[in-house]
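Participant: I have a structure here, written as structure tokens, and I will follow up with some questions on it.
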Amino acid sequence: MYQTFFTLVFTRMDPERAHHLAFRWIRLAARVPVLRTFLAAALAPRHEELRTEALGLRMHGPFGLAAGFDKNAVAIDGMSMLGFDHVEIGTVTGEPQPGNPKKRLFRLVPDRALINRMGFNNDGSAAVAARLAAREPVFRTIVGVNIGKTKAVPEADAVADYVKSAGRLAPHADYLVVNVSSPNTPGLRNLQATEALRPLLGAVREAADRATGARRVPLLVKIAPDLADEDVDAVADLAVELGLDGIIATNTTIARDGLGLRSPAALTAETGGLSGAPLKARSLEVLRRLHARVGDRVTLVGVGGIETAEDAWQRILAGATLVQGYSAFVYRGPFWARAIHRGLAARLRDSPYPTLADAVGADVRRTA
């Protein structure tokens with residue numbers, strides 16, 4: 001039914017307008033007690049065998065919503081109602097910004113992919129922190145906060161900008177993510193180089209600790225699929241060196257060649273980050289490389305091209321303790337998380353692994 005609705009309605013609308021419309025419906029449904037209870041029962045049934053402990057946090061399962069969908073922390077309960085085990089909000093910047101000029105979001109329907117050059121449009125860290133502080137949760141949900149650089153801030157002042165956001169948001173985050181991998185903020189990906197990343201992560205760690213006192217907020221970094229293998233290794237080694245809690249692999253790609261894209265050339269040539277099904281192979285490759293390098297010393301989060309329970313299962317076998325999705329939600333609709341959970345539970349039952357934690361990295365161990 002959703003596929004029909006998507007074809008007849010959403011594909012005739014501007015993608016960003018369709019996103020805001022769907023987002024509004026989700027938020028409204030979550031505000032109606034009887035309706036949200038019914039929807040949560042239908043869309044978010046719990047599978048005890050999928051319960052996951054990661055980053056020192058207990059979750060109903062391993063499948064969460066990637067950053068980018070709820071930039072301003074306004075629909076956390078709505079997304080939990082739809083079955084996501086954790087919700088990563090953001091990317092949030094130190095100062096509010098409108099993002100890049102429209103049109104800035106594109107559907108590649110034949111490829112089940114998106115291209116976006118949103119440019120971190122968000123309300124800014126002060127407003128989002130206030131919203132999180134005032135939030136009265138309806139559902140128990142793990143909330144990650146993804147922070148990035150304000151576009152107007154020079155690269156030389158990036159650390160101070162991240163520190164500002166970390167200080168404001170860490171008290172309200174179950175975990176904190178440093179995003180240095182979006183292609184839509186000029187100069188941002190330069191911060192993935194270890195000589196720039198080391199002081200940045202150290203400063204954010206200190207700011208988060210000052211803001212939270214005795215409660216230590218897990219800190220992760222999100223990297224791009226376009227890093228060369230040796231740079232992936234360098235980030236992995238740095239994460240171990242700094243005692244980083246996790247790495248999220250991967251963000252969107254600026255690549256177009258070699259992805260087998262079937263959409264019109266004029267569409268695939270749009271600038272911005274490409275996400276969705278074409279990212280599947282490289283994202284999995286980066287994840288395997290990271291796990292081979294860090295083992296169980298750093299928690300890995302697999303994201304990029306996850307559409308089905310089999311995709312999520314392959315990420316877990318490759319070393320991901322948690323998995324995330326976003327683009328496939330656009331194409332598969334509100335029953336997507338339920339299908340992922342059911343499929344993961346079935347695969348675990350049919351596997352030789354007694355628990356989901358035992359399956360993490362099993363493929364990498366077998367080929368080592």
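Here, A, B, ... name the chains of the structure tokens in the order displayed, residue numbers run from 1 inside each chain, and ligands are numbered from 1 in the same displayed order.
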Among region 8-220 of chain A, which ones does DSSP place in strand (DSSP E or B), written as an MDAnalysis selection string?
Facilitator: chainID A and resid 52:54 57:59 63:65 86:93 97 105:108 113:116 122 142:148 175:179 219:220
Participant: Could you save the residues just selected, with C-alpha atoms, as a short mmCIF file (atom, residue, chain, number, x, y, z; two decimals), in the first residue's frame?
Facilitator:
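Listing of part-v8.cif after writing:
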```cif
data_model
loop_
_atom_site.label_atom_id
_atom_site.label_comp_id
_atom_site.auth_asym_id
_atom_site.auth_seq_id
_atom_site.Cartn_x
_atom_site.Cartn_y
_atom_site.Cartn_z
CA THR A 52 21.42 -4.91 22.40
CA GLU A 53 23.98 -3.36 24.72
CA ALA A 54 26.30 -0.90 23.02
CA LEU A 57 23.58 1.71 26.73
CA ARG A 58 20.76 -0.80 26.60
CA MET A 59 18.55 -0.75 23.54
CA PHE A 63 18.48 -0.75 14.36
CA GLY A 64 18.36 3.03 14.55
CA LEU A 65 17.53 6.09 12.49
CA HIS A 86 17.69 4.63 18.68
CA VAL A 87 17.31 8.00 17.02
CA GLU A 88 20.30 10.11 16.02
CA ILE A 89 19.30 13.74 15.65
CA GLY A 90 21.17 16.41 13.71
CA THR A 91 23.47 17.32 12.25
CA VAL A 92 23.39 20.27 14.67
CA THR A 93 25.80 23.18 14.24
CA GLN A 97 21.77 28.20 9.59
CA LEU A 105 17.27 17.08 -2.30
CA PHE A 106 16.85 14.66 -5.22
CA ARG A 107 15.35 11.18 -5.57
CA LEU A 108 17.05 8.61 -7.79
CA ALA A 113 18.95 6.42 -3.72
CA LEU A 114 18.99 10.09 -2.76
CA ILE A 115 21.31 12.98 -3.45
CA ASN A 116 21.31 15.79 -0.94
CA ASN A 122 19.16 23.37 11.51
CA ILE A 142 18.26 6.20 23.04
CA VAL A 143 19.00 9.63 21.57
CA GLY A 144 22.27 10.32 19.80
CA VAL A 145 23.29 13.86 18.91
CA ASN A 146 25.30 14.46 15.74
CA ILE A 147 27.27 17.74 15.63
CA GLY A 148 28.96 19.50 12.73
CA TYR A 175 25.86 9.54 22.83
CA LEU A 176 27.59 12.27 20.83
CA VAL A 177 28.80 12.06 17.22
CA VAL A 178 31.40 14.30 15.59
CA ASN A 179 30.46 14.60 11.92
CA LEU A 219 31.85 9.88 21.76
CA LEU A 220 31.86 8.65 18.16
#
```
Participant: Using only C-alpha atoms, which of the listed residues (A:Arg338, A:Arg46, A:Arg31, A:Lys102) sits closest to Ala75 (chain A)?
Facilitator: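 Under the stated criterion, the closest residue is A:Arg31.
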